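Next comes final19.cif, a file with mmCIF, C-alpha atoms.
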data_target
loop_
_atom_site.group_PDB
_atom_site.id
_atom_site.type_symbol
_atom_site.label_atom_id
_atom_site.label_comp_id
_atom_site.auth_asym_id
_atom_site.auth_seq_id
_atom_site.Cartn_x
_atom_site.Cartn_y
_atom_site.Cartn_z
ATOM 1 C CA MET A 1 164.629 233.008 113.273
ATOM 2 C CA THR A 2 164.232 232.899 117.027
ATOM 3 C CA VAL A 3 164.796 229.663 118.928
ATOM 4 C CA THR A 4 161.622 228.622 120.743
ATOM 5 C CA ILE A 5 161.170 225.614 123.040
ATOM 6 C CA ARG A 6 157.876 223.900 123.895
ATOM 7 C CA GLN A 7 157.872 221.619 126.944
ATOM 8 C CA LEU A 8 156.697 218.058 126.199
ATOM 9 C CA HIS A 9 156.692 216.427 129.654
ATOM 10 C CA PRO A 10 155.681 217.732 133.102
ATOM 11 C CA HIS A 11 159.271 217.510 134.385
ATOM 12 C CA PHE A 12 161.573 217.882 131.377
ATOM 13 C CA VAL A 13 162.031 217.561 127.570
ATOM 14 C CA GLY A 14 161.525 220.429 125.137
ATOM 15 C CA GLU A 15 160.787 220.517 121.404
ATOM 16 C CA VAL A 16 162.862 223.151 119.636
ATOM 17 C CA SER A 17 161.746 225.150 116.617
ATOM 18 C CA GLY A 18 163.252 228.077 114.761
ATOM 19 C CA VAL A 19 166.657 226.560 113.985
ATOM 20 C CA ASP A 20 168.130 224.724 110.978
ATOM 21 C CA LEU A 21 170.957 222.466 112.132
ATOM 22 C CA ARG A 22 172.388 222.254 108.608
ATOM 23 C CA LYS A 23 173.589 225.828 109.021
ATOM 24 C CA PRO A 24 176.127 227.235 111.512
ATOM 25 C CA LEU A 25 174.495 228.520 114.688
ATOM 26 C CA THR A 26 174.723 232.130 115.743
ATOM 27 C CA ALA A 27 176.184 232.770 119.193
ATOM 28 C CA GLN A 28 172.687 233.599 120.437
ATOM 29 C CA GLU A 29 171.183 230.395 119.037
ATOM 30 C CA ALA A 30 173.921 228.313 120.682
ATOM 31 C CA ALA A 31 173.387 230.128 124.002
ATOM 32 C CA ASP A 32 169.601 229.629 123.810
ATOM 33 C CA ILE A 33 169.993 225.903 123.099
ATOM 34 C CA GLU A 34 172.506 225.410 125.917
ATOM 35 C CA ALA A 35 170.173 227.243 128.308
ATOM 36 C CA GLY A 36 167.385 224.970 127.084
ATOM 37 C CA MET A 37 169.519 221.928 127.845
ATOM 38 C CA ASP A 38 170.176 223.184 131.371
ATOM 39 C CA LYS A 39 166.439 223.615 131.936
ATOM 40 C CA TYR A 40 164.843 220.711 130.022
ATOM 41 C CA ALA A 41 167.763 218.191 129.959
ATOM 42 C CA VAL A 42 166.421 216.683 126.676
ATOM 43 C CA LEU A 43 165.725 218.638 123.478
ATOM 44 C CA LEU A 44 164.000 217.383 120.322
ATOM 45 C CA PHE A 45 164.747 218.865 116.891
ATOM 46 C CA ARG A 46 162.410 217.510 114.201
ATOM 47 C CA GLY A 47 163.047 217.380 110.463
ATOM 48 C CA GLN A 48 166.821 217.824 110.636
ATOM 49 C CA ASP A 49 168.220 216.073 107.549
ATOM 50 C CA VAL A 50 171.855 216.594 108.515
ATOM 51 C CA THR A 51 175.096 215.079 107.269
ATOM 52 C CA ASP A 52 177.608 213.596 109.706
ATOM 53 C CA GLU A 53 179.727 216.723 109.311
ATOM 54 C CA GLN A 54 176.794 219.046 110.058
ATOM 55 C CA GLN A 55 175.797 216.996 113.096
ATOM 56 C CA LEU A 56 179.336 217.113 114.479
ATOM 57 C CA ALA A 57 179.641 220.845 113.777
ATOM 58 C CA PHE A 58 176.409 221.430 115.714
ATOM 59 C CA ALA A 59 177.695 219.385 118.653
ATOM 60 C CA LEU A 60 180.951 221.349 118.800
ATOM 61 C CA ASN A 61 179.001 224.474 119.796
ATOM 62 C CA PHE A 62 178.744 222.921 123.272
ATOM 63 C CA GLY A 63 182.225 221.525 123.938
ATOM 64 C CA GLN A 64 184.889 219.178 122.633
ATOM 65 C CA ARG A 65 184.072 215.924 120.845
ATOM 66 C CA GLU A 66 184.487 212.900 123.061
ATOM 67 C CA SER A 67 186.807 210.211 121.725
ATOM 68 C CA ALA A 68 184.945 206.973 121.014
ATOM 69 C CA ARG A 69 187.993 204.887 121.890
ATOM 70 C CA GLY A 70 187.405 202.340 124.643
ATOM 71 C CA GLY A 71 183.622 202.474 124.400
ATOM 72 C CA ASN A 72 182.959 199.355 122.350
ATOM 73 C CA ILE A 73 184.477 196.073 121.183
ATOM 74 C CA THR A 74 184.520 196.880 117.447
ATOM 75 C CA LYS A 75 188.030 196.972 116.003
ATOM 76 C CA GLN A 76 189.125 200.159 114.225
ATOM 77 C CA GLU A 77 189.268 198.424 110.846
ATOM 78 C CA ASP A 78 185.678 197.160 111.245
ATOM 79 C CA LEU A 79 184.097 200.558 111.952
ATOM 80 C CA ARG A 80 181.265 201.573 109.610
ATOM 81 C CA LEU A 81 181.551 205.311 110.337
ATOM 82 C CA THR A 82 184.813 207.235 109.959
ATOM 83 C CA THR A 83 183.390 210.733 110.406
ATOM 84 C CA GLY A 84 183.874 211.079 114.162
ATOM 85 C CA LEU A 85 180.317 210.043 115.084
ATOM 86 C CA ASN A 86 179.445 207.091 117.306
ATOM 87 C CA ASP A 87 177.650 204.308 115.420
ATOM 88 C CA VAL A 88 174.523 203.403 117.420
ATOM 89 C CA SER A 89 172.994 201.373 114.582
ATOM 90 C CA ASN A 90 172.511 197.633 114.189
ATOM 91 C CA LEU A 91 174.582 197.695 110.995
ATOM 92 C CA GLY A 92 177.945 196.218 110.076
ATOM 93 C CA LYS A 93 180.596 197.713 107.838
ATOM 94 C CA ASP A 94 178.738 196.240 104.837
ATOM 95 C CA GLY A 95 175.661 198.306 105.728
ATOM 96 C CA LYS A 96 173.591 195.224 106.549
ATOM 97 C CA PRO A 97 172.102 194.290 109.955
ATOM 98 C CA LEU A 98 174.620 192.484 112.143
ATOM 99 C CA PRO A 99 174.099 188.729 112.553
ATOM 100 C CA ARG A 100 172.189 187.962 115.747
ATOM 101 C CA ASP A 101 175.082 185.867 117.078
ATOM 102 C CA SER A 102 177.816 188.427 116.376
ATOM 103 C CA ARG A 103 179.794 189.746 119.355
ATOM 104 C CA ALA A 104 179.071 193.347 118.326
ATOM 105 C CA HIS A 105 175.309 192.750 118.236
ATOM 106 C CA LEU A 106 175.295 190.967 121.605
ATOM 107 C CA PHE A 107 177.452 193.691 123.169
ATOM 108 C CA ASN A 108 175.254 196.463 121.749
ATOM 109 C CA LEU A 109 172.147 194.967 123.374
ATOM 110 C CA GLY A 110 173.422 196.645 126.548
ATOM 111 C CA ASN A 111 171.958 199.867 125.146
ATOM 112 C CA CYS A 112 168.530 198.454 126.066
ATOM 113 C CA LEU A 113 169.460 198.910 129.744
ATOM 114 C CA TRP A 114 168.972 202.221 131.540
ATOM 115 C CA HIS A 115 172.282 204.084 131.348
ATOM 116 C CA SER A 116 174.085 207.389 131.112
ATOM 117 C CA ASP A 117 176.507 207.634 128.174
ATOM 118 C CA SER A 118 180.171 207.222 129.061
ATOM 119 C CA SER A 119 179.649 206.938 132.815
ATOM 120 C CA PHE A 120 182.289 204.198 132.436
ATOM 121 C CA ARG A 121 184.895 206.860 131.537
ATOM 122 C CA PRO A 122 186.895 208.723 134.225
ATOM 123 C CA ILE A 123 185.432 211.956 132.805
ATOM 124 C CA PRO A 124 181.895 211.098 131.647
ATOM 125 C CA ALA A 125 180.051 212.677 128.714
ATOM 126 C CA LYS A 126 178.239 216.011 128.840
ATOM 127 C CA PHE A 127 175.752 215.955 125.936
ATOM 128 C CA SER A 128 174.748 213.280 123.403
ATOM 129 C CA LEU A 129 173.126 214.164 120.067
ATOM 130 C CA LEU A 130 171.429 211.290 118.230
ATOM 131 C CA SER A 131 170.276 211.571 114.615
ATOM 132 C CA ALA A 132 167.746 209.167 113.066
ATOM 133 C CA ARG A 133 168.927 208.308 109.532
ATOM 134 C CA VAL A 134 166.935 205.061 109.090
ATOM 135 C CA VAL A 135 164.076 204.317 111.492
ATOM 136 C CA ASN A 136 163.287 200.689 112.286
ATOM 137 C CA PRO A 137 159.639 199.849 111.449
ATOM 138 C CA LYS A 138 159.011 197.963 114.688
ATOM 139 C CA GLY A 139 160.003 199.091 118.203
ATOM 140 C CA GLY A 140 163.184 201.023 118.907
ATOM 141 C CA ASN A 141 161.635 203.838 120.988
ATOM 142 C CA THR A 142 164.112 205.657 123.214
ATOM 143 C CA GLU A 143 163.069 206.388 126.792
ATOM 144 C CA PHE A 144 164.503 209.100 129.019
ATOM 145 C CA ALA A 145 164.295 209.450 132.800
ATOM 146 C CA ASP A 146 164.705 212.769 134.629
ATOM 147 C CA MET A 147 167.229 212.109 137.381
ATOM 148 C CA ARG A 148 166.668 215.563 138.938
ATOM 149 C CA ALA A 149 162.971 214.955 139.525
ATOM 150 C CA ALA A 150 163.800 211.450 140.762
ATOM 151 C CA TYR A 151 166.256 212.855 143.300
ATOM 152 C CA ASP A 152 163.806 215.533 144.443
ATOM 153 C CA ALA A 153 161.184 212.846 145.141
ATOM 154 C CA LEU A 154 163.423 210.871 147.514
ATOM 155 C CA ASP A 155 162.757 211.127 151.235
ATOM 156 C CA SER A 156 165.249 213.093 153.330
ATOM 157 C CA GLU A 157 166.612 209.961 155.009
ATOM 158 C CA THR A 158 167.559 208.389 151.664
ATOM 159 C CA LYS A 159 169.083 211.649 150.418
ATOM 160 C CA ALA A 160 171.303 211.773 153.511
ATOM 161 C CA GLU A 161 172.279 208.106 153.095
ATOM 162 C CA ILE A 162 173.415 208.431 149.476
ATOM 163 C CA GLU A 163 174.839 211.984 149.494
ATOM 164 C CA ASP A 164 178.525 211.000 149.589
ATOM 165 C CA LEU A 165 178.457 207.518 148.081
ATOM 166 C CA ILE A 166 180.961 206.690 145.339
ATOM 167 C CA CYS A 167 180.102 204.048 142.724
ATOM 168 C CA GLU A 168 182.223 201.969 140.369
ATOM 169 C CA HIS A 169 181.153 202.045 136.711
ATOM 170 C CA SER A 170 182.278 199.684 133.941
ATOM 171 C CA LEU A 171 180.946 198.365 130.643
ATOM 172 C CA MET A 172 181.625 194.893 132.065
ATOM 173 C CA TYR A 173 178.938 195.472 134.728
ATOM 174 C CA SER A 174 176.216 196.456 132.259
ATOM 175 C CA ARG A 175 177.045 193.766 129.691
ATOM 176 C CA GLY A 176 177.622 191.178 132.408
ATOM 177 C CA SER A 177 174.099 191.698 133.722
ATOM 178 C CA LEU A 178 172.873 190.395 130.338
ATOM 179 C CA GLY A 179 175.243 187.426 130.432
ATOM 180 C CA PHE A 180 177.868 188.896 128.083
ATOM 181 C CA LEU A 181 181.144 187.764 129.673
ATOM 182 C CA ASP A 182 183.305 187.221 126.591
ATOM 183 C CA TYR A 183 186.197 189.727 126.849
ATOM 184 C CA THR A 184 189.774 189.729 125.650
ATOM 185 C CA GLU A 185 192.485 190.779 128.087
ATOM 186 C CA GLU A 186 192.831 194.030 126.130
ATOM 187 C CA GLU A 187 189.104 194.731 126.542
ATOM 188 C CA LYS A 188 189.222 193.950 130.270
ATOM 189 C CA ALA A 189 191.989 196.520 130.658
ATOM 190 C CA ALA A 190 190.039 199.107 128.631
ATOM 191 C CA PHE A 191 186.885 198.521 130.693
ATOM 192 C CA LYS A 192 188.545 198.786 134.092
ATOM 193 C CA PRO A 193 186.028 200.292 136.593
ATOM 194 C CA VAL A 194 186.069 204.052 137.238
ATOM 195 C CA LEU A 195 184.672 206.042 140.172
ATOM 196 C CA GLN A 196 181.607 208.312 139.967
ATOM 197 C CA ARG A 197 179.504 210.039 142.603
ATOM 198 C CA LEU A 198 175.972 208.723 143.115
ATOM 199 C CA VAL A 199 174.613 212.270 143.607
ATOM 200 C CA ARG A 200 175.680 215.008 141.173
ATOM 201 C CA THR A 201 175.143 218.764 141.309
ATOM 202 C CA HIS A 202 174.551 220.596 138.023
ATOM 203 C CA PRO A 203 177.192 223.302 137.463
ATOM 204 C CA VAL A 204 174.682 225.967 136.337
ATOM 205 C CA HIS A 205 171.379 225.660 138.195
ATOM 206 C CA ARG A 206 172.824 223.639 141.124
ATOM 207 C CA ARG A 207 170.013 221.077 141.188
ATOM 208 C CA LYS A 208 171.059 217.690 142.472
ATOM 209 C CA SER A 209 170.376 214.512 140.529
ATOM 210 C CA LEU A 210 170.888 210.777 140.858
ATOM 211 C CA TYR A 211 173.821 209.615 138.757
ATOM 212 C CA LEU A 212 172.675 206.115 137.916
ATOM 213 C CA SER A 213 173.543 203.755 135.083
ATOM 214 C CA SER A 214 173.558 200.058 134.285
ATOM 215 C CA HIS A 215 177.333 200.539 134.162
ATOM 216 C CA ALA A 216 177.318 201.015 137.964
ATOM 217 C CA GLY A 217 178.001 197.695 139.673
ATOM 218 C CA ALA A 218 179.603 198.477 143.025
ATOM 219 C CA ILE A 219 179.667 201.141 145.749
ATOM 220 C CA GLN A 220 182.755 201.880 147.799
ATOM 221 C CA GLY A 221 182.438 200.677 151.388
ATOM 222 C CA MET A 222 179.545 198.285 150.644
ATOM 223 C CA SER A 223 179.352 194.602 149.854
ATOM 224 C CA VAL A 224 178.502 193.997 146.196
ATOM 225 C CA PRO A 225 175.056 192.453 146.905
ATOM 226 C CA GLU A 226 174.110 195.345 149.220
ATOM 227 C CA ALA A 227 175.342 197.902 146.701
ATOM 228 C CA ARG A 228 173.492 196.334 143.797
ATOM 229 C CA LEU A 229 170.262 196.169 145.764
ATOM 230 C CA LEU A 230 170.528 199.878 146.571
ATOM 231 C CA LEU A 231 171.328 200.734 142.945
ATOM 232 C CA ARG A 232 168.414 198.586 141.767
ATOM 233 C CA ASP A 233 166.026 200.251 144.216
ATOM 234 C CA LEU A 234 167.140 203.724 143.138
ATOM 235 C CA THR A 235 166.852 202.798 139.459
ATOM 236 C CA GLU A 236 163.329 201.441 139.975
ATOM 237 C CA HIS A 237 162.444 204.677 141.768
ATOM 238 C CA GLY A 238 164.016 206.892 139.101
ATOM 239 C CA THR A 239 162.393 205.149 136.144
ATOM 240 C CA GLN A 240 158.803 205.260 137.331
ATOM 241 C CA PRO A 241 156.427 206.437 134.555
ATOM 242 C CA GLU A 242 156.054 209.898 136.114
ATOM 243 C CA PHE A 243 159.766 210.594 135.498
ATOM 244 C CA VAL A 244 159.960 209.028 131.999
ATOM 245 C CA TYR A 245 159.482 210.433 128.489
ATOM 246 C CA VAL A 246 159.051 207.937 125.625
ATOM 247 C CA HIS A 247 160.238 209.059 122.188
ATOM 248 C CA LYS A 248 158.889 207.339 119.081
ATOM 249 C CA TRP A 249 161.356 208.150 116.324
ATOM 250 C CA THR A 250 160.491 209.649 112.977
ATOM 251 C CA LEU A 251 162.992 210.069 110.162
ATOM 252 C CA HIS A 252 165.474 212.951 110.690
ATOM 253 C CA ASP A 253 164.588 213.535 114.321
ATOM 254 C CA LEU A 254 167.616 214.709 116.283
ATOM 255 C CA LEU A 255 167.506 214.244 120.049
ATOM 256 C CA MET A 256 169.991 215.943 122.333
ATOM 257 C CA TRP A 257 170.276 215.027 126.011
ATOM 258 C CA ASP A 258 172.309 215.903 129.080
ATOM 259 C CA ASN A 259 173.974 212.785 130.525
ATOM 260 C CA ARG A 260 174.540 214.641 133.802
ATOM 261 C CA GLN A 261 170.785 214.940 134.418
ATOM 262 C CA THR A 262 169.157 211.952 132.689
ATOM 263 C CA MET A 263 169.274 208.241 131.975
ATOM 264 C CA HIS A 264 168.028 206.645 128.777
ATOM 265 C CA ARG A 265 167.539 203.290 127.059
ATOM 266 C CA VAL A 266 166.433 201.999 123.665
ATOM 267 C CA ARG A 267 163.596 199.481 123.568
ATOM 268 C CA ARG A 268 163.765 196.180 121.711
ATOM 269 C CA TYR A 269 163.213 196.279 117.958
ATOM 270 C CA ASP A 270 163.323 194.026 114.881
ATOM 271 C CA HIS A 271 167.046 193.441 114.360
ATOM 272 C CA SER A 272 166.500 191.887 110.936
ATOM 273 C CA GLN A 273 165.619 195.385 109.678
ATOM 274 C CA PRO A 274 168.107 198.290 109.487
ATOM 275 C CA ARG A 275 168.183 200.976 112.168
ATOM 276 C CA ASP A 276 170.735 203.693 111.412
ATOM 277 C CA MET A 277 171.269 206.027 114.371
ATOM 278 C CA ARG A 278 174.368 208.232 114.647
ATOM 279 C CA ARG A 279 175.512 209.975 117.798
ATOM 280 C CA ALA A 280 177.791 212.921 118.385
ATOM 281 C CA THR A 281 179.060 213.048 121.953
ATOM 282 C CA VAL A 282 180.223 216.189 123.735
ATOM 283 C CA ALA A 283 182.933 215.426 126.274
ATOM 284 C CA GLY A 284 182.651 216.311 129.945
ATOM 285 C CA THR A 285 185.307 218.491 131.537
ATOM 286 C CA GLU A 286 186.029 217.037 134.994
ATOM 287 C CA PRO A 287 185.665 213.867 137.074
ATOM 288 C CA THR A 288 182.498 213.747 139.176
ATOM 289 C CA VAL A 289 184.323 212.809 142.375
ATOM 290 C CA GLN A 290 186.825 215.639 142.077
ATOM 291 C CA GLN A 291 184.136 218.126 141.034
ATOM 292 C CA GLN A 292 181.986 217.524 144.086
ATOM 293 C CA ALA A 293 184.833 217.279 146.573
ATOM 294 C CA ALA A 294 185.989 220.760 145.587
ATOM 295 C CA GLU A 295 182.684 222.405 146.489
#

Would it be possible to restate this file's structure as structure tokens?
Amino acid sequence: MTVTIRQLHPHFVGEVSGVDLRKPLTAQEAADIEAGMDKYAVLLFRGQDVTDEQQLAFALNFGQRESARGGNITKQEDLRLTTGLNDVSNLGKDGKPLPRDSRAHLFNLGNCLWHSDSSFRPIPAKFSLLSARVVNPKGGNTEFADMRAAYDALDSETKAEIEDLICEHSLMYSRGSLGFLDYTEEEKAAFKPVLQRLVRTHPVHRRKSLYLSSHAGAIQGMSVPEARLLLRDLTEHGTQPEFVYVHKWTLHDLLMWDNRQTMHRVRRYDHSQPRDMRRATVAGTEPTVQQQAAE
């Protein structure tokens, strides 16, 4: 079958048909999907009842798997998934919803903030692919913001002001904004801030975008209050309704998004009920600061 993509939002997001993700992709299918990602930044595949292995195999068409190490506070022996996927559920190793007062649950609430996956890593993520295995009955929509359209809508004075700014990103910034301050020394070392450009250029189509995230908590050369005000203003600008797509999950939806061009967040949901979401993450290939400086 031929891959076809129908645009769902005025700026971005496409719904893909003509592909079964349980089967290996042809070279043409993989090329068509990657081109779709470059153009739409978010792609929706409905009715994809995949296994963890099939989901990971699909992701590997677009790059190397990103290591999950250093991206959460769950100890290796407490992990629910051992298949190489990131666990973005509200479930513990026993398969039941995490207690509301558990450290893992409180830490994971940071996913309700606007962010870009792995911006807290020296080399941030390229694509994320999220599969809905159990859909929570109440809430839990995922929202996406087009950071290219948001950048385009800035006035020329603001574009000039932010062009060369370098931000510090850390999981401690995003979780700290919610009052989560309970870290071990080992976790503090793992979450040490990394540097990312505030304006990124896409390697294929060369459009610029805002590289924002709740993980960003400082800007080099600025006082922290001044930096956070600027980041807050830009985030408010970039997440206006005109730039946002809201996805209401149905069972076996698979959403794929480009972390270089978008932000996303999950909305609040009933944590007493299971929500099983599994993410494959495609690693980026170079630091943002180094990438831009070389141009």

Would you list the residues near (184.1, 205.2, 122.3), meaning any protein, DNA or RNA residue with an atom at most 12 Å from that point in file coordinates, counting only C-alpha atoms, as a PDB file with C-alpha atoms, keeping the file's coordinate frame?
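Okay, result.pdb is ready:
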ATOM      1  CA  ARG A  65     184.072 215.924 120.845  1.00  0.00           C
ATOM      2  CA  GLU A  66     184.487 212.900 123.061  1.00  0.00           C
ATOM      3  CA  SER A  67     186.807 210.211 121.725  1.00  0.00           C
ATOM      4  CA  ALA A  68     184.945 206.973 121.014  1.00  0.00           C
ATOM      5  CA  ARG A  69     187.993 204.887 121.890  1.00  0.00           C
ATOM      6  CA  GLY A  70     187.405 202.340 124.643  1.00  0.00           C
ATOM      7  CA  GLY A  71     183.622 202.474 124.400  1.00  0.00           C
ATOM      8  CA  ASN A  72     182.959 199.355 122.350  1.00  0.00           C
ATOM      9  CA  ILE A  73     184.477 196.073 121.183  1.00  0.00           C
ATOM     10  CA  THR A  74     184.520 196.880 117.447  1.00  0.00           C
ATOM     11  CA  LYS A  75     188.030 196.972 116.003  1.00  0.00           C
ATOM     12  CA  GLN A  76     189.125 200.159 114.225  1.00  0.00           C
ATOM     13  CA  LEU A  79     184.097 200.558 111.952  1.00  0.00           C
ATOM     14  CA  GLY A  84     183.874 211.079 114.162  1.00  0.00           C
ATOM     15  CA  LEU A  85     180.317 210.043 115.084  1.00  0.00           C
ATOM     16  CA  ASN A  86     179.445 207.091 117.306  1.00  0.00           C
ATOM     17  CA  ASP A  87     177.650 204.308 115.420  1.00  0.00           C
ATOM     18  CA  VAL A  88     174.523 203.403 117.420  1.00  0.00           C
ATOM     19  CA  ASP A 117     176.507 207.634 128.174  1.00  0.00           C
ATOM     20  CA  SER A 118     180.171 207.222 129.061  1.00  0.00           C
ATOM     21  CA  SER A 119     179.649 206.938 132.815  1.00  0.00           C
ATOM     22  CA  PHE A 120     182.289 204.198 132.436  1.00  0.00           C
ATOM     23  CA  ARG A 121     184.895 206.860 131.537  1.00  0.00           C
ATOM     24  CA  PRO A 124     181.895 211.098 131.647  1.00  0.00           C
ATOM     25  CA  ALA A 125     180.051 212.677 128.714  1.00  0.00           C
ATOM     26  CA  LEU A 171     180.946 198.365 130.643  1.00  0.00           C
ATOM     27  CA  ALA A 190     190.039 199.107 128.631  1.00  0.00           C
ATOM     28  CA  PHE A 191     186.885 198.521 130.693  1.00  0.00           C
ATOM     29  CA  ARG A 279     175.512 209.975 117.798  1.00  0.00           C
ATOM     30  CA  ALA A 280     177.791 212.921 118.385  1.00  0.00           C
ATOM     31  CA  THR A 281     179.060 213.048 121.953  1.00  0.00           C
ATOM     32  CA  VAL A 282     180.223 216.189 123.735  1.00  0.00           C
ATOM     33  CA  ALA A 283     182.933 215.426 126.274  1.00  0.00           C
TER      34      ALA A 283
END

Item to complete: Within 12 Å of (164.1, 197.0, 124.4) (coordinates as in the file), grab all the protein and nucleic acid residues, counting only C-alpha atoms, and write them out as an MDAnalysis selection string.
Response: chainID A and resid 108:114 138:143 264:271

Discussion item. One decimal, in Å: what's the spacing between atom CA of A:Gln48 and atom CA of A:Leu254?
Written reply: 6.5 Å

Worksheet item: atom CA of A:Gly221 and atom CA of A:Ile123 are how many Å apart?
Response: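 Interatomic distance, atom CA of A:Gly221 to atom CA of A:Ile123: 21.9 Å.
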
Worksheet item: In Å to one decimal, how far is atom CA of A:Arg197 from atom CA of A:Ile166?
Response: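 Computing it gives 4.6 Å between the two atoms.
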
Practice prompt. Write out as JSON, numbers by chain the residues lying within 7 Å of stretch 215-217 of chain A, counting all atoms listed in the file and excluding same-chain residues fewer than 5 positions away.
Written response: {"A": [115, 119, 120, 167, 168, 169, 170, 171, 173, 174, 228]}

Kindly write C-alpha atoms of stretch 171-235 of chain A from the structure just given to a file, as a JSON list (two decimals), in the first residue's frame.
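decode-v5.json written:
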[["chain", "number", "residue", "atom", "x", "y", "z"],
["A", 171, "LEU", "CA", 15.09, 17.74, 35.01],
["A", 172, "MET", "CA", 15.62, 19.54, 38.33],
["A", 173, "TYR", "CA", 14.26, 22.76, 36.78],
["A", 174, "SER", "CA", 11.04, 21.19, 35.49],
["A", 175, "ARG", "CA", 10.36, 19.12, 38.61],
["A", 176, "GLY", "CA", 11.43, 21.96, 40.89],
["A", 177, "SER", "CA", 8.80, 24.23, 39.37],
["A", 178, "LEU", "CA", 6.20, 21.80, 40.76],
["A", 179, "GLY", "CA", 7.86, 21.71, 44.18],
["A", 180, "PHE", "CA", 9.64, 18.37, 43.70],
["A", 181, "LEU", "CA", 13.01, 18.98, 45.38],
["A", 182, "ASP", "CA", 13.74, 15.54, 46.82],
["A", 183, "TYR", "CA", 16.92, 14.29, 45.08],
["A", 184, "THR", "CA", 19.74, 12.00, 46.10],
["A", 185, "GLU", "CA", 23.30, 13.12, 45.43],
["A", 186, "GLU", "CA", 23.48, 10.53, 42.64],
["A", 187, "GLU", "CA", 20.36, 12.00, 41.01],
["A", 188, "LYS", "CA", 21.71, 15.55, 41.31],
["A", 189, "ALA", "CA", 24.83, 14.45, 39.45],
["A", 190, "ALA", "CA", 22.77, 12.70, 36.76],
["A", 191, "PHE", "CA", 20.55, 15.77, 36.29],
["A", 192, "LYS", "CA", 23.37, 18.29, 36.00],
["A", 193, "PRO", "CA", 22.28, 21.12, 33.62],
["A", 194, "VAL", "CA", 23.23, 20.91, 29.93],
["A", 195, "LEU", "CA", 23.40, 23.66, 27.29],
["A", 196, "GLN", "CA", 20.94, 24.03, 24.40],
["A", 197, "ARG", "CA", 20.31, 26.79, 21.89],
["A", 198, "LEU", "CA", 17.04, 28.71, 22.23],
["A", 199, "VAL", "CA", 16.62, 28.88, 18.43],
["A", 200, "ARG", "CA", 17.18, 25.72, 16.37],
["A", 201, "THR", "CA", 17.42, 25.24, 12.61],
["A", 202, "HIS", "CA", 15.99, 22.04, 11.13],
["A", 203, "PRO", "CA", 18.67, 20.08, 9.24],
["A", 204, "VAL", "CA", 16.45, 19.33, 6.21],
["A", 205, "HIS", "CA", 14.07, 22.20, 5.47],
["A", 206, "ARG", "CA", 16.11, 24.83, 7.38],
["A", 207, "ARG", "CA", 13.11, 26.36, 9.16],
["A", 208, "LYS", "CA", 13.93, 27.90, 12.50],
["A", 209, "SER", "CA", 12.02, 27.00, 15.64],
["A", 210, "LEU", "CA", 11.94, 27.90, 19.32],
["A", 211, "TYR", "CA", 13.63, 25.24, 21.42],
["A", 212, "LEU", "CA", 11.64, 25.57, 24.61],
["A", 213, "SER", "CA", 10.96, 23.17, 27.46],
["A", 214, "SER", "CA", 10.01, 23.20, 31.12],
["A", 215, "HIS", "CA", 13.50, 21.72, 31.59],
["A", 216, "ALA", "CA", 14.98, 25.13, 30.64],
["A", 217, "GLY", "CA", 15.64, 27.16, 33.77],
["A", 218, "ALA", "CA", 18.48, 29.55, 32.97],
["A", 219, "ILE", "CA", 20.02, 31.48, 30.07],
["A", 220, "GLN", "CA", 23.73, 32.18, 29.84],
["A", 221, "GLY", "CA", 24.56, 35.84, 30.46],
["A", 222, "MET", "CA", 21.22, 36.62, 32.16],
["A", 223, "SER", "CA", 20.09, 36.72, 35.75],
["A", 224, "VAL", "CA", 17.85, 33.76, 36.60],
["A", 225, "PRO", "CA", 14.69, 35.88, 37.16],
["A", 226, "GLU", "CA", 15.21, 37.73, 33.85],
["A", 227, "ALA", "CA", 15.85, 34.47, 32.02],
["A", 228, "ARG", "CA", 12.81, 32.74, 33.46],
["A", 229, "LEU", "CA", 10.57, 35.66, 32.58],
["A", 230, "LEU", "CA", 11.77, 35.54, 28.97],
["A", 231, "LEU", "CA", 11.31, 31.76, 28.81],
["A", 232, "ARG", "CA", 7.84, 32.10, 30.33],
["A", 233, "ASP", "CA", 6.87, 34.80, 27.83],
["A", 234, "LEU", "CA", 8.10, 32.71, 24.90],
["A", 235, "THR", "CA", 6.31, 29.62, 26.20]]
